[in-house]
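Working notes, structure below.
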Amino acid sequence: MPARSQALHPVPSRPLRARTYAGTARNLATLARVLRSGGLVAAPTETVYGLAANALDAAACEKIFLAKARPQTDPLIVHIEAIADLAKLAVVNPAALVLAQKFWPGPLTLVLPKTDLVPAIVSAGLPSVAVRMPAHPLFRRLLRLAGVPLAAPSANPFGYVSPTTARHVRDGLGDKIGHILDGGACSVGLESTIVDLRHPQRPRLLRPGAITRAQLTQALGVPVLTAPRRRTPATAVAQIAPGLLTRHYSPRTPVQLHRRLTARAVSSGDPREAWVFIAQPPTLPRSRVKNAFCLDPHGDLTHVAHRLFSLLRELDQAGFTRLHLELAPGRAGLADAINDRLRRAAAI
Ligand code: TXA
Ligand code: MG
């Protein structure tokens with residue numbers, strides 16, 4: 001066959017078929033070897049599953065962007081095994097140490113000036129780096145065995161809902177990556193809180209999460225303000241204020257938010273649409289019961305956070321024409337993080 005026609009009809013590269021691994025000692029050793037030799041491994045953290053690569057290996061990190069179809073302007077979070085590793089990657093200040101000692105290992109990411117050890121691709125060319133020490137035992141063992149910090153964004157195609165089970169990872173990236181470590185469902189279920197500590201006197205909350213603004217403010221002794229959210233296209237955002245993408249974590253089904261959902265809204269609504277209540281929904285006519293869902297019978301926000309992304313994914317695949325989502329009551333604590341994700345899911 002002439003070369004020209006080959007160019008016109010390129011043979012697609014064979015899709016990878018991800019293998020799922022249980023967290024046995026042997027499997028962890030195998031996966032650590034994959035990471036050390038520049039490969040990708042999806043692995044559970046207590047927040048969401050991450051797609052990990054050796055953070056000190058630029059070529060390995062580039063594969064993360066390719067697998068996720070993530071713009072290289074959106075920087076990665078680097079995961080470390082111990083607080084002592086922070087100073088290798090970031091210029092540490094006392095405020096950062098206060099938060100690290102209080103909340104690590106756990107769902108908190110610190111943004112600090114970076115050191116030269118961090119490749120430019122990890123920080124999207126920014127002079128800062130986002131670092132966190134995760135609490136999940138399997139991720140921690142992987143970090144220890146790999147012996148390198150691991151860059152890991154959420155293990156989903158860019159812009160889609162973050163994965164909280166190995167199955168979610170396989171659904172989104174199963175033909176893009178080779179290895180998924182299965183650690184069951186993530187306990188928190190929402191991505192980490194991100195706080196910008198480049199100016200420790202003026203800490204900024206870049207993304208709310210399970211570690212709340214009140215907890216941060218109390219630990220630091222200065223108010224933690226929210227960075228202004230900008231409606232900026234994904235490709236331009238990193239250079240201005242990464243982590244603040246408006247549309248993110250979005251199902252494909254159109255989403256409509258409600259401060260308060262009522263039985264009437266469901267009863268009189270379109271039967272092809274779904275209604276998601278934070279707590280036990282009111283009594284509904286039989287014909288509408290299959291359209292109504294609740295995140296936790298008692299409205300316990302820890303459970304709501306744990307279940308949110310799973311339910312959004314299920315409903316996204318169920319063929320509804322619209323998802324009506326009720327916001328969590330209040331503004332403080334987990335409600336802030338849950339409503340942030342709901343608003344991003346609904347943003348156009
Ligand atoms: O819980 C989590 O944080 C999970 C798990 C896997 O650790 N990771 C995660 O990563 O959510 P990702 O990439 O989906 O979200 C990381 C966010 C991005 O929005 C990115 O823009 C922001 O962190 N980020 C990374 N480096 C930054 C930096 N230097 N300055 C500001 N934001 C940064
Ligand atoms: Mg993500």
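By order in the structure tokens, chains are A, B, ...; within a chain, residues start at 1; ligands start at 1, following the order shown.
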
Check the DSSP output for the backbone and give back, as a PDB file with N, CA and C atoms, in the first residue's frame, the residues of segment 115-289 of chain A in strand (DSSP E or B).
```
ATOM      1  N   SER A 128       4.454  28.317  41.306  1.00  0.00           N
ATOM      2  CA  SER A 128       3.938  27.694  42.537  1.00  0.00           C
ATOM      3  C   SER A 128       3.627  26.218  42.294  1.00  0.00           C
ATOM      4  N   VAL A 129       3.462  25.481  43.401  1.00  0.00           N
ATOM      5  CA  VAL A 129       3.112  24.066  43.293  1.00  0.00           C
ATOM      6  C   VAL A 129       2.047  23.743  44.349  1.00  0.00           C
ATOM      7  N   ALA A 130       1.150  22.827  44.008  1.00  0.00           N
ATOM      8  CA  ALA A 130       0.110  22.378  44.938  1.00  0.00           C
ATOM      9  C   ALA A 130       0.541  21.023  45.501  1.00  0.00           C
ATOM     10  N   VAL A 131       0.568  20.912  46.838  1.00  0.00           N
ATOM     11  CA  VAL A 131       1.077  19.678  47.470  1.00  0.00           C
ATOM     12  C   VAL A 131       0.074  19.188  48.507  1.00  0.00           C
ATOM     13  N   ARG A 132      -0.081  17.854  48.552  1.00  0.00           N
ATOM     14  CA  ARG A 132      -0.872  17.304  49.655  1.00  0.00           C
ATOM     15  C   ARG A 132      -0.348  15.949  50.085  1.00  0.00           C
ATOM     16  N   LEU A 150       4.190  11.736  44.007  1.00  0.00           N
ATOM     17  CA  LEU A 150       3.323  11.352  42.884  1.00  0.00           C
ATOM     18  C   LEU A 150       2.389  12.506  42.509  1.00  0.00           C
ATOM     19  N   ALA A 151       2.514  12.945  41.262  1.00  0.00           N
ATOM     20  CA  ALA A 151       1.555  13.927  40.733  1.00  0.00           C
ATOM     21  C   ALA A 151       0.282  13.163  40.416  1.00  0.00           C
ATOM     22  N   SER A 154      -7.461  14.149  39.595  1.00  0.00           N
ATOM     23  CA  SER A 154      -8.536  13.170  39.659  1.00  0.00           C
ATOM     24  C   SER A 154      -8.507  12.306  38.390  1.00  0.00           C
ATOM     25  N   HIS A 179      -3.434   0.523  34.392  1.00  0.00           N
ATOM     26  CA  HIS A 179      -3.443  -0.008  35.757  1.00  0.00           C
ATOM     27  C   HIS A 179      -4.353   0.801  36.687  1.00  0.00           C
ATOM     28  N   ILE A 180      -5.264   0.085  37.345  1.00  0.00           N
ATOM     29  CA  ILE A 180      -6.154   0.724  38.331  1.00  0.00           C
ATOM     30  C   ILE A 180      -6.065  -0.060  39.639  1.00  0.00           C
ATOM     31  N   LEU A 181      -5.683   0.618  40.701  1.00  0.00           N
ATOM     32  CA  LEU A 181      -5.655  -0.002  42.026  1.00  0.00           C
ATOM     33  C   LEU A 181      -7.029   0.201  42.670  1.00  0.00           C
ATOM     34  N   ASP A 182      -7.667  -0.899  43.065  1.00  0.00           N
ATOM     35  CA  ASP A 182      -9.021  -0.826  43.620  1.00  0.00           C
ATOM     36  C   ASP A 182      -8.963  -0.783  45.144  1.00  0.00           C
ATOM     37  N   THR A 193      -9.663  20.230  49.847  1.00  0.00           N
ATOM     38  CA  THR A 193      -9.660  21.684  50.025  1.00  0.00           C
ATOM     39  C   THR A 193      -8.313  22.194  49.490  1.00  0.00           C
ATOM     40  N   ILE A 194      -8.333  23.275  48.699  1.00  0.00           N
ATOM     41  CA  ILE A 194      -7.054  23.856  48.255  1.00  0.00           C
ATOM     42  C   ILE A 194      -6.922  25.259  48.848  1.00  0.00           C
ATOM     43  N   VAL A 195      -5.800  25.501  49.542  1.00  0.00           N
ATOM     44  CA  VAL A 195      -5.573  26.830  50.101  1.00  0.00           C
ATOM     45  C   VAL A 195      -4.251  27.388  49.567  1.00  0.00           C
ATOM     46  N   ASP A 196      -4.315  28.616  49.112  1.00  0.00           N
ATOM     47  CA  ASP A 196      -3.144  29.307  48.572  1.00  0.00           C
ATOM     48  C   ASP A 196      -2.426  30.003  49.725  1.00  0.00           C
ATOM     49  N   ARG A 204      -5.757  32.173  50.925  1.00  0.00           N
ATOM     50  CA  ARG A 204      -6.942  32.197  50.059  1.00  0.00           C
ATOM     51  C   ARG A 204      -7.453  30.787  49.842  1.00  0.00           C
ATOM     52  N   LEU A 205      -8.751  30.626  49.954  1.00  0.00           N
ATOM     53  CA  LEU A 205      -9.364  29.325  49.678  1.00  0.00           C
ATOM     54  C   LEU A 205      -9.616  29.228  48.177  1.00  0.00           C
ATOM     55  N   LEU A 206      -8.919  28.308  47.504  1.00  0.00           N
ATOM     56  CA  LEU A 206      -9.099  28.160  46.058  1.00  0.00           C
ATOM     57  C   LEU A 206     -10.186  27.148  45.722  1.00  0.00           C
ATOM     58  N   ARG A 207     -10.342  26.153  46.599  1.00  0.00           N
ATOM     59  CA  ARG A 207     -11.402  25.143  46.366  1.00  0.00           C
ATOM     60  C   ARG A 207     -11.866  24.633  47.724  1.00  0.00           C
ATOM     61  N   LEU A 225      -9.814  33.965  53.106  1.00  0.00           N
ATOM     62  CA  LEU A 225     -10.799  34.510  52.170  1.00  0.00           C
ATOM     63  C   LEU A 225     -10.921  33.615  50.953  1.00  0.00           C
ATOM     64  N   THR A 226     -12.048  33.786  50.251  1.00  0.00           N
ATOM     65  CA  THR A 226     -12.241  33.026  49.020  1.00  0.00           C
ATOM     66  C   THR A 226     -11.665  33.827  47.863  1.00  0.00           C
ATOM     67  N   VAL A 255     -28.141  20.360  33.943  1.00  0.00           N
ATOM     68  CA  VAL A 255     -28.389  20.399  35.389  1.00  0.00           C
ATOM     69  C   VAL A 255     -29.078  21.701  35.754  1.00  0.00           C
ATOM     70  N   GLN A 256     -30.064  21.619  36.636  1.00  0.00           N
ATOM     71  CA  GLN A 256     -30.698  22.827  37.162  1.00  0.00           C
ATOM     72  C   GLN A 256     -30.658  22.781  38.682  1.00  0.00           C
ATOM     73  N   LEU A 257     -30.240  23.890  39.288  1.00  0.00           N
ATOM     74  CA  LEU A 257     -30.099  23.925  40.748  1.00  0.00           C
ATOM     75  C   LEU A 257     -31.335  24.519  41.398  1.00  0.00           C
ATOM     76  N   HIS A 258     -31.592  24.080  42.625  1.00  0.00           N
ATOM     77  CA  HIS A 258     -32.739  24.592  43.390  1.00  0.00           C
ATOM     78  C   HIS A 258     -32.295  24.821  44.820  1.00  0.00           C
ATOM     79  N   ALA A 274     -35.111  14.171  36.390  1.00  0.00           N
ATOM     80  CA  ALA A 274     -34.859  13.588  37.719  1.00  0.00           C
ATOM     81  C   ALA A 274     -34.693  14.697  38.745  1.00  0.00           C
ATOM     82  N   TRP A 275     -35.096  14.406  39.997  1.00  0.00           N
ATOM     83  CA  TRP A 275     -34.996  15.372  41.093  1.00  0.00           C
ATOM     84  C   TRP A 275     -34.156  14.765  42.212  1.00  0.00           C
ATOM     85  N   VAL A 276     -33.123  15.476  42.625  1.00  0.00           N
ATOM     86  CA  VAL A 276     -32.232  14.941  43.653  1.00  0.00           C
ATOM     87  C   VAL A 276     -32.342  15.793  44.912  1.00  0.00           C
ATOM     88  N   PHE A 277     -32.848  15.175  45.976  1.00  0.00           N
ATOM     89  CA  PHE A 277     -33.000  15.851  47.267  1.00  0.00           C
ATOM     90  C   PHE A 277     -31.770  15.595  48.127  1.00  0.00           C
TER      91      PHE A 277
END
```

Using only C-alpha atoms and all ligand atoms, what table do you get, as CSV, when you list each residue of chain A with an atom no more than 6 Å from ligand 1, its nearest pair of atoms, and their distance in Å rounded to one decimal, rows by chain then rising number?
```
residue,atom,partner,partner_atom_place_in_ligand_line,distance
A:Thr47,CA,ligand 1,1 (O),4.7
A:Val48,CA,ligand 1,5 (C),5.4
A:Tyr49,CA,ligand 1,6 (C),5.3
A:Gly50,CA,ligand 1,6 (C),3.6
A:Asp74,CA,ligand 1,21 (O),4.9
A:Pro75,CA,ligand 1,25 (C),4.2
A:Leu76,CA,ligand 1,25 (C),4.5
A:Ile77,CA,ligand 1,25 (C),5.0
A:Val111,CA,ligand 1,30 (N),5.6
A:Ser123,CA,ligand 1,29 (N),5.4
A:Ser128,CA,ligand 1,29 (N),4.3
A:Val129,CA,ligand 1,29 (N),3.9
A:Ala130,CA,ligand 1,26 (N),4.4
A:Ala152,CA,ligand 1,6 (C),5.3
A:Pro153,CA,ligand 1,13 (O),3.4
A:Ser154,CA,ligand 1,14 (O),4.1
A:Glu191,CA,ligand 1,1 (O),3.4
A:Ser192,CA,ligand 1,1 (O),3.7
A:Pro242,CA,ligand 1,21 (O),3.8
A:Gly243,CA,ligand 1,19 (O),3.0
```

- Message: Could you list, as JSON, numbers by chain, every residue within 10 Å of segment 293-306 of chain A, counting only C-alpha atoms and ignoring same-chain residues fewer than 5 positions away?
- Response: {"A": [47, 48, 164, 185, 186, 187, 188, 189, 190, 191, 209, 210, 274, 275, 276, 277, 278, 279, 280, 281, 311, 315, 325, 326, 328, 329, 333, 334, 335, 337, 338, 339, 341]}

Which of segment 66-290 of chain A end up as alpha helix (DSSP H) when DSSP is run on this backbone - answer as a short mmCIF file (atom, residue, chain, number, x, y, z; two decimals) with N, CA and C atoms, in the first residue's frame?
```cif
data_model
loop_
_atom_site.label_atom_id
_atom_site.label_comp_id
_atom_site.auth_asym_id
_atom_site.auth_seq_id
_atom_site.Cartn_x
_atom_site.Cartn_y
_atom_site.Cartn_z
N LEU A 66 -2.27 13.61 28.58
CA LEU A 66 -2.78 12.94 27.38
C LEU A 66 -3.95 12.03 27.73
N ALA A 67 -3.78 11.23 28.79
CA ALA A 67 -4.84 10.26 29.15
C ALA A 67 -6.13 10.98 29.51
N LYS A 68 -6.03 12.12 30.21
CA LYS A 68 -7.21 12.84 30.66
C LYS A 68 -7.74 13.84 29.64
N LEU A 86 7.86 17.99 52.04
CA LEU A 86 7.30 19.23 51.51
C LEU A 86 8.40 20.20 51.10
N ALA A 87 9.42 20.33 51.93
CA ALA A 87 10.47 21.33 51.67
C ALA A 87 11.29 21.02 50.42
N LYS A 88 11.23 19.78 49.95
CA LYS A 88 11.96 19.46 48.72
C LYS A 88 11.25 20.06 47.51
N LEU A 89 9.94 20.18 47.61
CA LEU A 89 9.13 20.60 46.46
C LEU A 89 8.70 22.06 46.53
N PRO A 94 5.85 29.28 57.91
CA PRO A 94 5.29 28.76 59.16
C PRO A 94 3.79 28.42 59.04
N ALA A 95 3.04 29.20 58.29
CA ALA A 95 1.60 28.92 58.15
C ALA A 95 1.39 27.55 57.51
N ALA A 96 2.21 27.24 56.53
CA ALA A 96 2.09 25.94 55.85
C ALA A 96 2.37 24.81 56.83
N LEU A 97 3.36 25.01 57.67
CA LEU A 97 3.69 23.95 58.65
C LEU A 97 2.57 23.77 59.66
N VAL A 98 1.96 24.87 60.07
CA VAL A 98 0.83 24.78 61.01
C VAL A 98 -0.28 23.91 60.40
N LEU A 99 -0.63 24.20 59.14
CA LEU A 99 -1.73 23.45 58.51
C LEU A 99 -1.32 22.00 58.25
N ALA A 100 -0.08 21.80 57.81
CA ALA A 100 0.38 20.43 57.52
C ALA A 100 0.33 19.60 58.80
N GLN A 101 0.82 20.19 59.90
CA GLN A 101 0.84 19.41 61.15
C GLN A 101 -0.56 19.13 61.68
N LYS A 102 -1.48 20.05 61.41
CA LYS A 102 -2.82 19.87 61.94
C LYS A 102 -3.67 18.95 61.05
N PHE A 103 -3.53 19.08 59.73
CA PHE A 103 -4.50 18.40 58.85
C PHE A 103 -3.92 17.29 57.98
N ALA A 120 8.31 21.86 35.14
CA ALA A 120 7.37 22.91 34.72
C ALA A 120 6.02 22.33 34.31
N ILE A 121 6.02 21.13 33.76
CA ILE A 121 4.73 20.57 33.30
C ILE A 121 3.79 20.31 34.47
N VAL A 122 4.35 20.01 35.64
CA VAL A 122 3.53 19.74 36.83
C VAL A 122 2.81 21.02 37.28
N SER A 123 3.53 22.13 37.24
CA SER A 123 2.95 23.38 37.74
C SER A 123 2.37 24.23 36.60
N PRO A 137 -4.68 4.59 53.12
CA PRO A 137 -3.56 3.68 53.39
C PRO A 137 -2.95 3.09 52.12
N LEU A 138 -3.75 2.80 51.10
CA LEU A 138 -3.18 2.21 49.88
C LEU A 138 -2.34 3.23 49.12
N PHE A 139 -2.83 4.46 49.06
CA PHE A 139 -2.06 5.49 48.35
C PHE A 139 -0.75 5.75 49.09
N ARG A 140 -0.83 5.71 50.41
CA ARG A 140 0.39 5.96 51.20
C ARG A 140 1.41 4.84 51.01
N ARG A 141 0.90 3.61 50.92
CA ARG A 141 1.85 2.50 50.69
C ARG A 141 2.48 2.61 49.31
N LEU A 142 1.67 3.03 48.35
CA LEU A 142 2.19 3.21 46.99
C LEU A 142 3.28 4.28 46.97
N LEU A 143 3.03 5.37 47.70
CA LEU A 143 4.03 6.45 47.78
C LEU A 143 5.33 5.93 48.40
N ARG A 144 5.18 5.15 49.46
CA ARG A 144 6.38 4.65 50.16
C ARG A 144 7.16 3.71 49.26
N LEU A 145 6.44 2.80 48.57
CA LEU A 145 7.12 1.82 47.72
C LEU A 145 7.72 2.48 46.48
N ALA A 146 7.02 3.46 45.93
CA ALA A 146 7.54 4.13 44.72
C ALA A 146 8.76 4.98 45.09
N ALA A 166 -13.20 2.44 41.75
CA ALA A 166 -12.35 1.94 40.66
C ALA A 166 -13.18 1.78 39.38
N ARG A 167 -14.44 1.42 39.55
CA ARG A 167 -15.34 1.25 38.41
C ARG A 167 -15.51 2.58 37.65
N HIS A 168 -15.65 3.68 38.41
CA HIS A 168 -15.75 4.99 37.76
C HIS A 168 -14.51 5.27 36.92
N VAL A 169 -13.34 4.91 37.46
CA VAL A 169 -12.10 5.17 36.72
C VAL A 169 -12.11 4.37 35.42
N ARG A 170 -12.49 3.10 35.55
CA ARG A 170 -12.52 2.24 34.36
C ARG A 170 -13.51 2.78 33.33
N ASP A 171 -14.68 3.24 33.79
CA ASP A 171 -15.68 3.78 32.86
C ASP A 171 -15.12 4.95 32.05
N GLY A 172 -14.31 5.81 32.72
CA GLY A 172 -13.85 7.01 32.03
C GLY A 172 -12.53 6.84 31.31
N LEU A 173 -11.62 6.05 31.88
CA LEU A 173 -10.26 6.00 31.35
C LEU A 173 -9.79 4.58 31.02
N ARG A 213 -13.30 26.14 55.75
CA ARG A 213 -12.69 27.47 55.91
C ARG A 213 -12.57 27.82 57.40
N ALA A 214 -13.60 27.47 58.18
CA ALA A 214 -13.56 27.79 59.61
C ALA A 214 -12.39 27.07 60.28
N GLN A 215 -12.17 25.83 59.92
CA GLN A 215 -11.05 25.07 60.50
C GLN A 215 -9.71 25.72 60.13
N LEU A 216 -9.60 26.16 58.88
CA LEU A 216 -8.35 26.79 58.43
C LEU A 216 -8.12 28.11 59.15
N THR A 217 -9.20 28.90 59.23
CA THR A 217 -9.11 30.21 59.89
C THR A 217 -8.70 30.03 61.35
N GLN A 218 -9.31 29.04 62.00
CA GLN A 218 -8.99 28.82 63.40
C GLN A 218 -7.52 28.40 63.57
N ALA A 219 -7.06 27.53 62.69
CA ALA A 219 -5.68 27.03 62.82
C ALA A 219 -4.67 28.14 62.53
N LEU A 220 -4.99 29.03 61.57
CA LEU A 220 -4.02 30.06 61.16
C LEU A 220 -4.12 31.33 61.99
N ALA A 234 -11.27 27.13 30.02
CA ALA A 234 -10.34 26.18 30.64
C ALA A 234 -8.90 26.43 30.23
N THR A 235 -8.68 26.71 28.97
CA THR A 235 -7.32 26.79 28.47
C THR A 235 -6.59 28.02 28.99
N ALA A 236 -7.30 29.04 29.41
CA ALA A 236 -6.64 30.28 29.83
C ALA A 236 -6.52 30.37 31.34
N VAL A 237 -7.22 29.50 32.05
CA VAL A 237 -7.41 29.74 33.47
C VAL A 237 -6.15 29.57 34.32
N ALA A 238 -5.29 28.63 33.97
CA ALA A 238 -4.18 28.31 34.86
C ALA A 238 -3.29 29.51 35.12
N GLN A 239 -3.09 30.31 34.11
CA GLN A 239 -2.18 31.43 34.26
C GLN A 239 -2.77 32.52 35.16
N ILE A 240 -4.08 32.51 35.33
CA ILE A 240 -4.71 33.55 36.14
C ILE A 240 -4.99 33.03 37.54
N ALA A 263 -42.30 18.71 46.80
CA ALA A 263 -43.09 17.64 46.18
C ALA A 263 -43.80 18.16 44.95
N ARG A 264 -44.23 19.42 45.04
CA ARG A 264 -44.99 19.98 43.91
C ARG A 264 -44.13 20.08 42.65
N ALA A 265 -42.89 20.49 42.83
CA ALA A 265 -42.00 20.61 41.67
C ALA A 265 -41.87 19.26 40.97
N VAL A 266 -41.74 18.19 41.77
CA VAL A 266 -41.58 16.86 41.18
C VAL A 266 -42.90 16.40 40.55
N SER A 267 -44.00 16.57 41.28
CA SER A 267 -45.30 16.07 40.79
C SER A 267 -45.70 16.72 39.50
#
```

Within 8 Å of ligand 2, which residues of chain A come that close, and what is the closest atom pair and distance in Å for each? Count only C-alpha atoms and all ligand atoms and give it as a tab-separated table.
```
residue	atom	partner	partner_atom_place_in_ligand_line	distance
A:Pro153	CA	ligand 2	1 (Mg)	5.5
A:Ser154	CA	ligand 2	1 (Mg)	4.3
A:Ala155	CA	ligand 2	1 (Mg)	7.2
A:Asn156	CA	ligand 2	1 (Mg)	7.0
A:Phe158	CA	ligand 2	1 (Mg)	6.8
A:Gly159	CA	ligand 2	1 (Mg)	6.9
A:Tyr160	CA	ligand 2	1 (Mg)	7.8
A:Val161	CA	ligand 2	1 (Mg)	7.8
A:Ser162	CA	ligand 2	1 (Mg)	6.0
A:Glu191	CA	ligand 2	1 (Mg)	7.7
A:His248	CA	ligand 2	1 (Mg)	7.8
A:Tyr249	CA	ligand 2	1 (Mg)	7.2
```

Prev. selection, all heavy atoms, output as an mmCIF file, in the first residue's frame:
```
data_model
loop_
_atom_site.group_PDB
_atom_site.id
_atom_site.type_symbol
_atom_site.label_atom_id
_atom_site.label_comp_id
_atom_site.auth_asym_id
_atom_site.auth_seq_id
_atom_site.Cartn_x
_atom_site.Cartn_y
_atom_site.Cartn_z
ATOM 1 N N PRO A 153 -3.842 14.151 39.415
ATOM 2 C CA PRO A 153 -5.142 14.820 39.355
ATOM 3 C C PRO A 153 -6.219 13.754 39.513
ATOM 4 O O PRO A 153 -5.907 12.556 39.573
ATOM 5 C CB PRO A 153 -5.171 15.386 37.939
ATOM 6 C CG PRO A 153 -4.383 14.400 37.141
ATOM 7 C CD PRO A 153 -3.332 13.825 38.082
ATOM 8 N N SER A 154 -7.461 14.149 39.595
ATOM 9 C CA SER A 154 -8.536 13.170 39.659
ATOM 10 C C SER A 154 -8.507 12.306 38.390
ATOM 11 O O SER A 154 -8.208 12.802 37.304
ATOM 12 C CB SER A 154 -9.873 13.885 39.808
ATOM 13 O OG SER A 154 -10.011 14.884 38.814
ATOM 14 N N ALA A 155 -8.830 11.012 38.543
ATOM 15 C CA ALA A 155 -8.655 10.053 37.446
ATOM 16 C C ALA A 155 -9.901 9.973 36.566
ATOM 17 O O ALA A 155 -10.545 8.929 36.454
ATOM 18 C CB ALA A 155 -8.313 8.683 38.028
ATOM 19 N N ASN A 156 -10.235 11.105 35.951
ATOM 20 C CA ASN A 156 -11.398 11.171 35.065
ATOM 21 C C ASN A 156 -11.028 11.969 33.825
ATOM 22 O O ASN A 156 -10.096 12.774 33.881
ATOM 23 C CB ASN A 156 -12.558 11.884 35.787
ATOM 24 C CG ASN A 156 -12.133 13.219 36.365
ATOM 25 O OD1 ASN A 156 -11.459 13.264 37.389
ATOM 26 N ND2 ASN A 156 -12.478 14.301 35.690
ATOM 27 N N PHE A 158 -10.947 15.010 31.526
ATOM 28 C CA PHE A 158 -10.978 16.411 31.954
ATOM 29 C C PHE A 158 -12.398 16.973 31.915
ATOM 30 O O PHE A 158 -13.108 16.831 30.917
ATOM 31 C CB PHE A 158 -10.062 17.247 31.054
ATOM 32 C CG PHE A 158 -10.011 18.683 31.464
ATOM 33 C CD1 PHE A 158 -9.371 19.051 32.627
ATOM 34 C CD2 PHE A 158 -10.611 19.672 30.688
ATOM 35 C CE1 PHE A 158 -9.326 20.380 33.026
ATOM 36 C CE2 PHE A 158 -10.568 20.998 31.075
ATOM 37 C CZ PHE A 158 -9.928 21.351 32.242
ATOM 38 N N GLY A 159 -12.799 17.602 33.033
ATOM 39 C CA GLY A 159 -14.090 18.291 33.070
ATOM 40 C C GLY A 159 -15.242 17.433 33.553
ATOM 41 O O GLY A 159 -16.292 17.955 33.897
ATOM 42 N N TYR A 160 -15.063 16.093 33.575
ATOM 43 C CA TYR A 160 -16.177 15.235 33.999
ATOM 44 C C TYR A 160 -16.141 15.059 35.521
ATOM 45 O O TYR A 160 -15.217 15.500 36.202
ATOM 46 C CB TYR A 160 -16.120 13.882 33.272
ATOM 47 C CG TYR A 160 -17.419 13.113 33.391
ATOM 48 C CD1 TYR A 160 -18.602 13.642 32.897
ATOM 49 C CD2 TYR A 160 -17.466 11.878 34.021
ATOM 50 C CE1 TYR A 160 -19.807 12.964 33.033
ATOM 51 C CE2 TYR A 160 -18.662 11.186 34.163
ATOM 52 C CZ TYR A 160 -19.829 11.738 33.663
ATOM 53 O OH TYR A 160 -21.022 11.067 33.813
ATOM 54 N N VAL A 161 -17.190 14.454 36.030
ATOM 55 C CA VAL A 161 -17.325 14.204 37.473
ATOM 56 C C VAL A 161 -16.165 13.331 37.964
ATOM 57 O O VAL A 161 -15.818 12.335 37.328
ATOM 58 C CB VAL A 161 -18.666 13.465 37.724
ATOM 59 C CG1 VAL A 161 -18.872 13.210 39.206
ATOM 60 C CG2 VAL A 161 -19.835 14.246 37.123
ATOM 61 N N SER A 162 -15.559 13.677 39.102
ATOM 62 C CA SER A 162 -14.426 12.918 39.634
ATOM 63 C C SER A 162 -14.863 11.514 40.046
ATOM 64 O O SER A 162 -15.993 11.312 40.484
ATOM 65 C CB SER A 162 -13.830 13.634 40.844
ATOM 66 O OG SER A 162 -13.196 14.823 40.453
ATOM 67 N N GLU A 191 -13.169 16.311 46.203
ATOM 68 C CA GLU A 191 -11.748 16.623 46.099
ATOM 69 C C GLU A 191 -11.287 17.476 47.288
ATOM 70 O O GLU A 191 -12.090 18.165 47.929
ATOM 71 C CB GLU A 191 -11.444 17.371 44.795
ATOM 72 C CG GLU A 191 -11.923 16.681 43.536
ATOM 73 C CD GLU A 191 -13.373 16.972 43.222
ATOM 74 O OE1 GLU A 191 -14.095 17.525 44.080
ATOM 75 O OE2 GLU A 191 -13.787 16.636 42.104
ATOM 76 N N HIS A 248 -16.860 22.477 35.624
ATOM 77 C CA HIS A 248 -15.990 21.373 35.986
ATOM 78 C C HIS A 248 -16.868 20.350 36.652
ATOM 79 O O HIS A 248 -17.969 20.660 37.081
ATOM 80 C CB HIS A 248 -14.925 21.888 36.956
ATOM 81 C CG HIS A 248 -13.584 21.287 36.683
ATOM 82 N ND1 HIS A 248 -12.877 21.539 35.556
ATOM 83 C CD2 HIS A 248 -12.829 20.417 37.398
ATOM 84 C CE1 HIS A 248 -11.732 20.880 35.590
ATOM 85 N NE2 HIS A 248 -11.682 20.179 36.710
ATOM 86 N N TYR A 249 -16.394 19.151 36.803
ATOM 87 C CA TYR A 249 -17.144 18.137 37.554
ATOM 88 C C TYR A 249 -18.559 17.993 36.994
ATOM 89 O O TYR A 249 -19.510 17.814 37.732
ATOM 90 C CB TYR A 249 -17.234 18.529 39.047
ATOM 91 C CG TYR A 249 -15.959 19.082 39.639
ATOM 92 C CD1 TYR A 249 -15.812 20.431 39.918
ATOM 93 C CD2 TYR A 249 -14.900 18.230 39.918
ATOM 94 C CE1 TYR A 249 -14.637 20.924 40.463
ATOM 95 C CE2 TYR A 249 -13.728 18.721 40.469
ATOM 96 C CZ TYR A 249 -13.608 20.075 40.727
ATOM 97 O OH TYR A 249 -12.459 20.555 41.262
#
```

- Item | Proximity to Gly106 of chain A - best of A:Ala345, A:Ala318, A:Ile83, A:Ala22, only C-alpha atoms |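 So, comparing all the options, the nearest one is A:Ile83.
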
- Note on the structure: Of A:Asp175, A:His79, A:Asn291, A:Pro119, the one sitting nearest Trp104 of chain A when using only C-alpha atoms is A:His79

- Item | Pick from A:Lys114, A:Pro107, A:Lys63, A:Val148, whichever lies nearest to Arg33 of chain A using only C-alpha atoms | A:Val148

- From the set A:Arg322, A:Thr30, A:Gly269, A:Val41, which residue has the shortest atom-to-atom contact distance to Lys176 of chain A, counting only C-alpha atoms?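 Among A:Arg322, A:Thr30, A:Gly269, A:Val41, it is A:Val41 that comes nearest to Lys176 of chain A.
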